[in-house]
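K.L.:
One file: start-v3.cif (mmCIF, C-alpha atoms).
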```cif
data_model
loop_
_atom_site.label_atom_id
_atom_site.label_comp_id
_atom_site.auth_asym_id
_atom_site.auth_seq_id
_atom_site.Cartn_x
_atom_site.Cartn_y
_atom_site.Cartn_z
CA MET A 17 0.00 0.00 0.00
CA ARG A 18 2.80 2.43 0.90
CA ASP A 19 4.43 1.79 -2.48
CA GLN A 20 1.22 2.77 -4.23
CA VAL A 21 0.68 5.90 -2.14
CA GLU A 22 4.28 7.02 -2.67
CA HIS A 23 4.38 6.01 -6.37
CA LYS A 24 6.44 8.37 -8.55
CA CYS A 25 6.97 7.38 -12.18
CA GLY A 26 9.18 10.30 -13.24
CA GLN A 27 7.05 11.07 -16.29
CA CYS A 28 3.92 12.46 -14.65
CA GLU A 29 3.70 15.57 -12.51
CA ASP A 30 1.24 14.12 -10.03
CA SER A 31 -0.46 10.86 -9.15
CA PHE A 32 -3.78 11.88 -10.72
CA ALA A 33 -2.08 12.20 -14.12
CA CYS A 34 -0.22 8.89 -13.84
CA PRO A 35 -2.06 5.80 -15.10
CA ASP A 36 0.16 3.60 -12.92
CA ALA A 37 -0.84 5.37 -9.68
CA LEU A 38 -3.78 3.61 -8.05
CA ILE A 39 -4.03 4.79 -4.45
CA TYR A 40 -4.16 8.35 -3.11
CA TYR A 41 -3.65 9.42 0.50
CA ASP A 42 -5.06 12.76 1.61
CA LEU A 43 -3.01 13.92 4.58
CA LYS A 44 -5.46 16.67 5.52
CA PHE A 45 -8.35 14.21 5.96
CA ASP A 46 -6.25 11.14 6.87
CA GLU A 47 -8.10 9.15 4.21
CA TYR A 48 -7.19 6.77 1.42
CA GLY A 49 -8.86 6.41 -1.94
CA ILE A 50 -8.69 4.76 -5.33
CA ILE A 51 -7.82 7.31 -7.98
CA VAL A 52 -10.43 7.89 -10.70
CA HIS A 53 -8.40 8.45 -13.87
CA ASP A 54 -10.82 10.74 -15.65
CA GLY A 55 -8.59 13.76 -16.14
CA GLY A 56 -9.50 15.38 -12.82
CA GLU A 57 -8.34 15.02 -9.25
CA SER A 58 -11.02 12.72 -7.86
CA TYR A 59 -10.82 9.53 -5.87
CA VAL A 60 -13.21 7.09 -4.24
CA THR A 61 -12.56 6.74 -0.53
CA ILE A 62 -11.84 3.26 0.79
CA ASP A 63 -12.05 1.80 4.29
CA PHE A 64 -9.90 -1.28 3.72
CA CYS A 65 -6.57 -1.90 2.01
CA PRO A 66 -7.31 -3.34 -1.45
CA PHE A 67 -4.16 -5.47 -1.25
CA CYS A 68 -4.33 -7.11 2.20
CA GLY A 69 -7.79 -6.25 3.54
CA SER A 70 -6.53 -4.38 6.62
CA LYS A 71 -8.83 -1.73 8.10
CA LEU A 72 -7.61 1.76 7.24
CA PRO A 73 -7.88 4.76 9.59
CA GLN A 74 -11.31 6.34 9.71
CA SER A 75 -11.46 9.45 7.53
CA LYS A 76 -11.37 12.72 9.41
CA ARG A 77 -13.15 14.60 6.61
CA ASP A 78 -16.37 15.20 8.59
CA LEU A 79 -14.39 16.21 11.68
CA TRP A 80 -12.37 18.69 9.57
CA PHE A 81 -15.56 20.44 8.46
CA GLU A 82 -17.01 20.34 11.99
CA ARG A 83 -13.88 21.87 13.54
CA LEU A 84 -13.70 24.71 11.02
CA GLU A 85 -17.40 25.49 11.40
CA ALA A 86 -17.06 25.42 15.22
CA LEU A 87 -14.31 28.04 14.86
CA GLY A 88 -16.66 30.17 12.75
CA ILE A 89 -14.58 29.60 9.61
CA ASP A 90 -16.16 28.90 6.24
CA PRO A 91 -14.59 25.57 5.18
CA TRP A 92 -15.34 26.36 1.52
CA ASP A 93 -13.22 29.52 1.59
CA PRO A 94 -9.58 28.44 1.10
CA ASP A 95 -8.30 31.90 2.06
CA ALA A 96 -10.09 31.77 5.43
CA ARG A 97 -8.63 28.42 6.53
CA PRO A 98 -5.76 28.50 9.02
CA ALA A 99 -2.51 26.94 7.76
CA GLU A 100 -2.78 23.95 10.11
CA PHE A 101 -6.00 22.91 8.35
CA GLN A 102 -4.10 22.43 5.07
CA THR A 103 -2.14 19.48 6.49
CA ASP A 104 -2.50 16.91 9.26
CA GLU A 105 -1.40 19.43 11.89
CA TRP A 106 -5.00 20.22 12.89
CA TYR A 107 -5.64 16.69 14.20
CA ARG A 108 -2.08 15.77 15.19
CA GLN A 109 -1.92 18.57 17.79
CA ASN A 110 -4.86 16.94 19.62
CA GLU A 111 -3.10 13.55 19.69
CA GLN A 112 -0.21 14.86 21.79
#
```
What is this file in structure tokens?
P.N.:
Amino acid sequence: MRDQVEHKCGQCEDSFACPDALIYYDLKFDEYGIIVHDGGESYVTIDFCPFCGSKLPQSKRDLWFERLEALGIDPWDPDARPAEFQTDEWYRQNEQ
């Protein structure tokens, strides 16, 4: 799974453009997905590893929206989001 998430072919600029890239990991939401190779940047979230069947971490997507809204920040406005909400920092600081 790690090999797929970290796949770099050297010919494509990003994993969404590479036909050999299958799995995407979104650090901000702590979620995994299967890349939809349709020319965009979409993926279908998955709960289990497609290779070994292991349970993957639960997505924090809903929690991300809830936290921003609780702070009075519009989650749809990228300019309004604090920097820590662009990465995993927003949930990692609560784990410590």
K.L.:
Running the PyMOL selection byres ((chain A and resi 80) around 9) on this model by hand, what would come out? Give it as a list in words.
P.N.:
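Those residues are Lys44, Phe45, Lys76, Arg77, Asp78, Leu79, Phe81, Glu82, Arg83, Leu84, Glu85, Pro91, Phe101, Trp106 and Tyr107 of chain A.
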K.L.:
Residues near A:Cys68, anyone? I mean within 9 Å using only C-alpha atoms, not counting same-chain ones fewer than 3 positions away, as an MDAnalysis selection string.
P.N.:
chainID A and resid 17 64:65
K.L.:
Taking a cut-off of 9 Å and counting only C-alpha atoms, can you build a table that, for each residue of stretch 55-79 of chain A near stretch 20-42 of chain A, reports the nearest atom pair and how far apart they are in Å (one decimal), sorted by chain then residue number, as JSON lines?
P.N.:
```
{"residue": "A:Gly55", "atom": "CA", "partner": "A:Ala33", "partner_atom": "CA", "distance": 7.0}
{"residue": "A:Gly56", "atom": "CA", "partner": "A:Phe32", "partner_atom": "CA", "distance": 7.0}
{"residue": "A:Glu57", "atom": "CA", "partner": "A:Phe32", "partner_atom": "CA", "distance": 5.7}
{"residue": "A:Ser58", "atom": "CA", "partner": "A:Phe32", "partner_atom": "CA", "distance": 7.8}
{"residue": "A:Tyr59", "atom": "CA", "partner": "A:Tyr40", "partner_atom": "CA", "distance": 7.3}
{"residue": "A:Thr61", "atom": "CA", "partner": "A:Tyr40", "partner_atom": "CA", "distance": 8.9}
```
K.L.:
Write a file of the selected residues as a PDB file, in the frame of the given file, keeping C-alpha atoms.
P.N.:
```
ATOM      1  CA  GLY A  55      -8.590  13.760 -16.140  1.00  0.00           C
ATOM      2  CA  GLY A  56      -9.500  15.380 -12.820  1.00  0.00           C
ATOM      3  CA  GLU A  57      -8.340  15.020  -9.250  1.00  0.00           C
ATOM      4  CA  SER A  58     -11.020  12.720  -7.860  1.00  0.00           C
ATOM      5  CA  TYR A  59     -10.820   9.530  -5.870  1.00  0.00           C
ATOM      6  CA  THR A  61     -12.560   6.740  -0.530  1.00  0.00           C
TER       7      THR A  61
END
```
K.L.:
Using only C-alpha atoms, find the one residue out of A:Arg18, A:Asn110, A:Asp95, A:Glu105 that sits nearest to A:Asp46.
P.N.:
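Answer, going by the shortest atom-to-atom distance: A:Glu105.
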K.L.:
Residues within 10 Å of A:Pro66, please, as a PyMOL selection string. Count all atoms listed in the file; anything in the same chain fewer than 3 positions from it doesn't count.
P.N.:
chain A and resi 17+39+49-50+62-63+69-71
K.L.:
Mind pulling up the distance from atom CA of A:Ser75 to atom CA of A:Val60?
P.N.:
12.1 Å
K.L.:
Can you work out the spacing between atom CA of A:Asp104 and atom CA of A:Asp54 in Å, to one decimal?
P.N.:
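Computing the Euclidean distance for atom CA of A:Asp104 and atom CA of A:Asp54 yields 27.0 Å.
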K.L.:
Go ahead and compute the interatomic distance for atom CA of A:Gln102 and atom CA of A:His53, in Å to one decimal.
P.N.:
23.9 Å
